[in-house]
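Engineer: Provided herewith is a single structure, encoded as structure tokens, for subsequent inquiry.
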Amino acid sequence: MTHDMDAYDSDVILAVGGFGALRGSSCPGIEAVTLHTAVAGTDSAGFPANISLRKDGVLADVPSPTWIARDGDLLYAVLEDTNEVAAFRINRNSAETANTAIEDSETGPSETSEVATNNTALSNTAVSSTATNNIATCNTTVGNIATENSRTGDAETSEVATNNTAAVPTLTELSRVPASGVSPTHAVVVTDDIGGKHLIVANYADGHVCVHPIAADGTLLEATQILAGEGHGPLPAQEGPHAHWILQLPDGRVLSTDLGADRIYVHHWRSGELVRVGMVRLAAGTGPRDLHLLPVTDKDATTSGADWRVAVVGEWADTVTLLGPVPGISNKADGQNGDPAQVADSDGIRVLQTVSLGGDALDQAASLAFVPWAVLRMGIRQTTDNNDSSAGAAYRNPGNRNDDGTCDADAHGPSIRYGITSGSPISESPATIPVDESSAAGVAYVGLRGSERIVALAWDGERLSRLAPEHEPGWHGRGIDCGGSRPRHIMRVGNVLLVANEVSNNLTVFQLGPDGKPVRVTDLASGSPTVFVRL
């Protein structure tokens, strides 16, 4: 059977969280959602593919799981409205386990969950009755829905290249502890300098960053460190510190954003203790919200920690600010290019540029998903499948690291030239430049809540730039409609973008064309969604 010409069928299981009843919203807990992709046998590129979403039940009846982090077969959720953090073990169905190579989402070589071909869709008997009812009643989606015939072409004669219909796992709660802060909003699993694992939690309301040890069995313990925020910004919503995001750098340092004080704090590990050593000050009113690693051209330098780039989404300024290391500088300042926002305690980190998203007056920027050009050119078949092809393994990226795409920086492909744009950080007259597919170049997609848009920026491995002037109509310039209201989280799976529209209570799926253009393909009703994670 020649896979390039045969039909293609694939499922990806996601966990979705959001705001629940305590917030007056409708998320029932951590839900399972299946992203199904089907490509006709004659369409090798798979664009547009037949894509659908299906609910597969409530995995955990917990209040307001607004952020979820996965570490291998462990899941950690912040319960924002009860000021708690919970740990779960992912229980995979025996039939799936027998045919699945699960690679740790943080340490596995391809950072993927690989499912062998020809698995049968299964639901573990431990799933609650609520989940069973959801499976029975929630299989309809809006948009392109893949029917059995469309998945196989001629159902009587067509062969399906990959039928990796994944089993839906269940969750077992291991522990639930106080957040030691108010309104936990983000969390990430980090390994310290002596090999211990911790869940670091950003608490929005009081600005606390809390460090929770993780036991050997994955159980989450109460916080052993509380790092307090301080300061404020010029806007009414910046009346005090508001911690919002945690990111570990390739060199081991840990960054945290303070949306209220326009600061990004820098931390080092010292014998298992997280020590705050400095800060990067951003322009007043920026509101640094999210942090996302972008791939750089010199992958060896990234691996060694010598070079890296971080995109900072500014919620209130509607900007993306690029951070990077000062060459040859560690734990000291160098004047930071004369920028008064940069001070002597930045620990060798500087602002490289700031790019405008073209936000409207009341817009708030949120979330960023990066997709390499190599992935866009490969098509749906190679980038969303769960089989063991080298192409699929190179580009899949499960867990919450989907939204930065850094593992895809290792992609190599033929040298192909594309017309994208580049320019100075303040340029409104971008110039067309060639892009080598084997490089780290790609497109970053950023959400704007208020005007309900997704805006695209070009990344060339060193700098961000606009694809077109910000007010120019179309996806290159002003952007596209997000498919709902308040796009809170954008995550990619291969060349598919998933958007959690919090206020309109729906998930929207876009397939990305070879040129990077997002095409809306399907939607699914979902209660106040704020986060995806791949199981």
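Residues in the structure tokens are named by chain (A, B, ... in the order shown) and by number from 1 within that chain; ligands are numbered from 1 in the order shown.
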Write out as a VMD selection string which residues come within 7 Å of Val320 in chain A when counting only C-alpha atoms, dropping same-chain ones fewer than 3 positions away.

Structural biologist: chain A and resid 311 to 314 354 to 356

Engineer: Determine, counting only C-alpha atoms, which protein, DNA and RNA residues have an atom within 7 Å of an atom of Leu199 in chain A; residues of the same chain fewer than 4 positions away are not included. Present the result as a PDB file with N, CA and C atoms, in the first residue's frame.

Structural biologist:
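Result file part.pdb:
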```
ATOM      1  N   ALA A 187       0.898  27.474  35.094  1.00  0.00           N
ATOM      2  CA  ALA A 187       1.813  26.597  35.806  1.00  0.00           C
ATOM      3  C   ALA A 187       2.644  25.818  34.802  1.00  0.00           C
ATOM      4  N   VAL A 188       3.850  25.467  35.189  1.00  0.00           N
ATOM      5  CA  VAL A 188       4.722  24.686  34.324  1.00  0.00           C
ATOM      6  C   VAL A 188       5.593  23.784  35.189  1.00  0.00           C
ATOM      7  N   VAL A 189       5.883  22.587  34.682  1.00  0.00           N
ATOM      8  CA  VAL A 189       6.767  21.649  35.368  1.00  0.00           C
ATOM      9  C   VAL A 189       8.204  21.970  34.996  1.00  0.00           C
ATOM     10  N   VAL A 190       9.058  22.118  36.020  1.00  0.00           N
ATOM     11  CA  VAL A 190      10.442  22.510  35.814  1.00  0.00           C
ATOM     12  C   VAL A 190      11.337  21.596  36.640  1.00  0.00           C
ATOM     13  N   VAL A 211       6.369  27.796  44.327  1.00  0.00           N
ATOM     14  CA  VAL A 211       7.107  26.614  43.896  1.00  0.00           C
ATOM     15  C   VAL A 211       6.599  25.406  44.681  1.00  0.00           C
ATOM     16  N   HIS A 212       5.976  24.449  43.960  1.00  0.00           N
ATOM     17  CA  HIS A 212       5.425  23.238  44.573  1.00  0.00           C
ATOM     18  C   HIS A 212       6.295  22.040  44.200  1.00  0.00           C
ATOM     19  N   PRO A 213       6.900  21.358  45.171  1.00  0.00           N
ATOM     20  CA  PRO A 213       7.653  20.135  44.841  1.00  0.00           C
ATOM     21  C   PRO A 213       6.725  19.049  44.307  1.00  0.00           C
ATOM     22  N   ILE A 214       7.264  18.221  43.418  1.00  0.00           N
ATOM     23  CA  ILE A 214       6.534  17.076  42.877  1.00  0.00           C
ATOM     24  C   ILE A 214       7.209  15.806  43.395  1.00  0.00           C
TER      25      ILE A 214
END
```

Engineer: Could you check which of A:Gly483, A:Gly305, A:Pro518, A:Gly72 is closest to Ala456 in chain A, using only C-alpha atoms?

Structural biologist: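 Smallest separation from Ala456 in chain A among the options: A:Pro518.
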
Engineer: Would you mind writing down, as number ranges by chain, each residue of range 199-343 of chain A that DSSP on the backbone assigns to strand (DSSP E or B)?

Structural biologist: A: 199-203, 209-214, 220, 225-227, 243-248, 254-258, 263-270, 273-281, 288-294, 309-314, 319-325

Engineer: Quick one, how far is CA of Asn506 in chain A from CA of Gly447 in chain A?

Structural biologist: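 Computing it gives 15.1 Å between the two atoms.
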
Engineer: May I have the residues within 9 Å of Asp360 in chain A as JSON, numbers by chain, using only C-alpha atoms and disregarding those fewer than 5 positions away in the same chain?

Structural biologist: {"A": [318, 448, 450, 451]}

Engineer: Fewer than 4 positions away in the same chain doesn't count, so skip those; otherwise give me all residues within 7 Å of range 26-42 of chain A, counting only C-alpha atoms, as a VMD selection string.

Structural biologist: chain A and resid 5 to 21 46 49 to 65 146 151 153 527 to 529
